[in-house]
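**Q** Okay, here's the structure, questions in a sec.
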Amino acid sequence: YPQGPGYPPQRQGSGVKAFLLSWLTAGIGAMLFAGILFLSYEDLSKIGLRLMYLVFAIALAVAVGGVAGRMGGPNPAAYIAPAALAMVACITGVANGYLFSLMDAGGSDALDAMMEHEPFAPLKFWWEGTLKEGFALLGLAIAGGGAFGMASLIGKKQR
């Protein structure tokens with residue numbers, strides 16, 4: 001021990017860096033997925049959307065978990081918030097993709113009508129729409145659990 005006998009070794013990594021960089025990674029991932037949904041919504045089937053959502057959740061778990069593990073080090077407390085951020089990014093990616101597609105298909109009038117009559121339509125699309133409840137929850141579990149697991153694997157190697 002560099003501090004002398006009787007003192008535990010210093011923990012490596014920073015929970016703040018893990019949170020901030022995971023927040024950035026999750027935000028970029030959500031916007032990329034929303035853009036992919038926007039570009040492919042006319043040709044996308046229900047099965048294609050479900051598969052793309054699950055692949056997105058896996059990719060988000062790997063990216064956010066990798067960043068959190070690298071920055072957080074062996075501190076498991078630094079992995080909890082990034083896992084929650086990955087789950088939020090799953091929801092916002094689908095909801096923003098819905099909004100982008102709505103704006104493309106109907107313009108600002110459709111957005112105004114949605115905001116006036118059904119402001120939670122993007123979240124209803126995520127929960128009750130094409131994904132249904134089971135796929136929506138499965139994506140959240142994959143994103144959150146996968147991010148925590150990936151961060152744990154990478155963080156343990158940082159010792």
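Ordering of the structure tokens sets the chain letters (A, B, ...); residue numbers start at 1 within each chain; ligands are numbered from 1 in the order shown.
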Within 12 Å of Leu140 (chain A), counting only C-alpha atoms, which residues show up once you throw out same-chain ones fewer than 5 positions away? Write them as a list in words, please.
**A**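 What passes the distance filter is Tyr53, Leu54, Val55, Phe56, Ala57, Ile58, Leu60, Ala61, Ala83, Ala84, Leu85, Ala86, Met87, Val88, Ala89, Cys90, Ile91, Thr92, Gly93, Val94, Trp126, Trp127, Leu131, Glu133, Gly134, Phe135, Gly145, Gly146 and Ala147 of chain A.
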**Q** So what do you get for CA of Gly72 (chain A) versus CA of Met150 (chain A), distance-wise?
**A**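 Interatomic distance, CA of Gly72 (chain A) to CA of Met150 (chain A): 11.8 Å.
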**Q** List every residue of region 6-48 of chain A that has an atom at most 12 Å from any atom of region 103-114 of chain A, and for each one report the closest atom pair and its distance in Å to one decimal, counting only C-alpha atoms, with rows sorted by chain and then by increasing residue number, as a Markdown table.
**A**
```
| residue | atom | partner | partner_atom | distance |
| --- | --- | --- | --- | --- |
| A:Gly35 | CA | A:Asp104 | CA | 11.9 |
| A:Leu37 | CA | A:Asp104 | CA | 11.8 |
| A:Phe38 | CA | A:Asp104 | CA | 8.3 |
| A:Leu39 | CA | A:Asp104 | CA | 10.0 |
| A:Ser40 | CA | A:Asp104 | CA | 11.8 |
| A:Tyr41 | CA | A:Ala105 | CA | 10.1 |
| A:Glu42 | CA | A:Ala105 | CA | 9.6 |
```
**Q** Tell me, as a list in words, which residues lie within 12 Å of Gln12 (chain A), counting only C-alpha atoms; anything in the same chain fewer than 2 positions away does not count.
**A**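 The neighbour list is Pro9, Gln10, Ser14, Gly15, Lys17, Ala18, Gly69, Arg70, Met71, Gly72, Gly73, Pro74, Asn75, Pro76, Ala78, Gly155, Lys156, Lys157, Gln158 and Arg159 of chain A.
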**Q** How many Å lie between CA of Met52 (chain A) and CA of Ala121 (chain A), rounded to one decimal?
**A**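 Here the two named atoms are 20.3 Å from each other.
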**Q** Env of Pro82 (chain A): 9 Å cut, atoms = only C-alpha atoms, seq-sep filter 3 positions within chain, self excluded. Answer as a list in words.
**A** Ala18, Phe19, Leu20, Leu21, Ser22, Trp23, Ala26, Val64, Gly65, Val67, Ala68, Ala78, Tyr79, Leu85, Ala86, Met87, Gly144, Ala147, Phe148 and Ala151 of chain A
**Q** Let me see the file: selected residues, N, CA and C atoms, as a compact mmCIF listing (two decimals), in the first residue's frame.
**A**
```
# COMPACT_ATOMS: atom_id res chain seq x y z
N ALA A 18 -18.17 8.79 -14.85
CA ALA A 18 -18.99 7.70 -15.38
C ALA A 18 -20.40 8.19 -15.68
N PHE A 19 -20.96 8.98 -14.78
CA PHE A 19 -22.31 9.50 -14.99
C PHE A 19 -22.36 10.44 -16.19
N LEU A 20 -21.46 11.41 -16.23
CA LEU A 20 -21.52 12.42 -17.28
C LEU A 20 -21.26 11.83 -18.67
N LEU A 21 -20.26 10.98 -18.78
CA LEU A 21 -19.98 10.40 -20.09
C LEU A 21 -21.04 9.37 -20.51
N SER A 22 -21.64 8.70 -19.54
CA SER A 22 -22.74 7.80 -19.85
C SER A 22 -23.97 8.58 -20.29
N TRP A 23 -24.20 9.72 -19.68
CA TRP A 23 -25.31 10.59 -20.07
C TRP A 23 -25.13 11.05 -21.51
N ALA A 26 -25.61 7.95 -23.82
CA ALA A 26 -27.01 7.56 -23.91
C ALA A 26 -27.79 8.56 -24.76
N VAL A 64 -23.07 2.27 -23.22
CA VAL A 64 -23.16 2.98 -21.94
C VAL A 64 -22.43 2.19 -20.85
N GLY A 65 -22.57 0.88 -20.84
CA GLY A 65 -21.86 0.07 -19.84
C GLY A 65 -20.36 0.13 -20.01
N VAL A 67 -18.61 2.65 -21.26
CA VAL A 67 -18.15 3.96 -20.78
C VAL A 67 -18.19 4.03 -19.26
N ALA A 68 -19.27 3.53 -18.66
CA ALA A 68 -19.39 3.57 -17.20
C ALA A 68 -18.34 2.71 -16.53
N ALA A 78 -20.89 3.39 -9.13
CA ALA A 78 -20.81 4.25 -10.31
C ALA A 78 -21.53 3.65 -11.51
N TYR A 79 -22.12 2.47 -11.37
CA TYR A 79 -22.78 1.82 -12.50
C TYR A 79 -24.30 1.96 -12.45
N LEU A 85 -29.76 5.57 -17.00
CA LEU A 85 -29.70 6.43 -18.17
C LEU A 85 -29.90 5.63 -19.46
N ALA A 86 -29.38 4.43 -19.51
CA ALA A 86 -29.57 3.57 -20.68
C ALA A 86 -31.05 3.21 -20.84
N MET A 87 -31.73 3.00 -19.74
CA MET A 87 -33.16 2.69 -19.81
C MET A 87 -33.96 3.90 -20.30
N GLY A 144 -30.86 -1.67 -19.22
CA GLY A 144 -30.41 -1.41 -17.85
C GLY A 144 -29.53 -2.50 -17.29
N ALA A 147 -26.24 -2.76 -19.33
CA ALA A 147 -25.30 -1.68 -19.03
C ALA A 147 -24.62 -1.92 -17.69
N PHE A 148 -25.38 -2.34 -16.69
CA PHE A 148 -24.79 -2.62 -15.38
C PHE A 148 -23.81 -3.79 -15.46
N ALA A 151 -20.66 -2.72 -17.40
CA ALA A 151 -19.85 -1.84 -16.57
C ALA A 151 -19.12 -2.62 -15.48
```
**Q** Restricting the calculation to only C-alpha atoms, which member of A:Ala143, A:Leu24, A:Val16, A:Ala136 is positioned closest to Ala77 (chain A)?
**A**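 Using only C-alpha atoms, Ala77 (chain A) sits closest to A:Val16.
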**Q** What is the CA of Glu128 (chain A) to CA of Ile142 (chain A) distance in Å?
**A**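 CA of Glu128 (chain A) sits 18.8 Å away from CA of Ile142 (chain A).
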**Q** Using only C-alpha atoms, pick whichever of A:Gly13, A:Asn96, A:Ala59, A:Ile80 has the shortest atom-to-atom distance to Gly29 (chain A).
**A**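 The closest residue to Gly29 (chain A) is A:Ala59.
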**Q** In terms of the shortest atom-to-atom distance over only C-alpha atoms, which of A:Leu102, A:Gly97, A:Gly149, A:Pro119 is closest to Leu49 (chain A)?
**A** A:Gly97
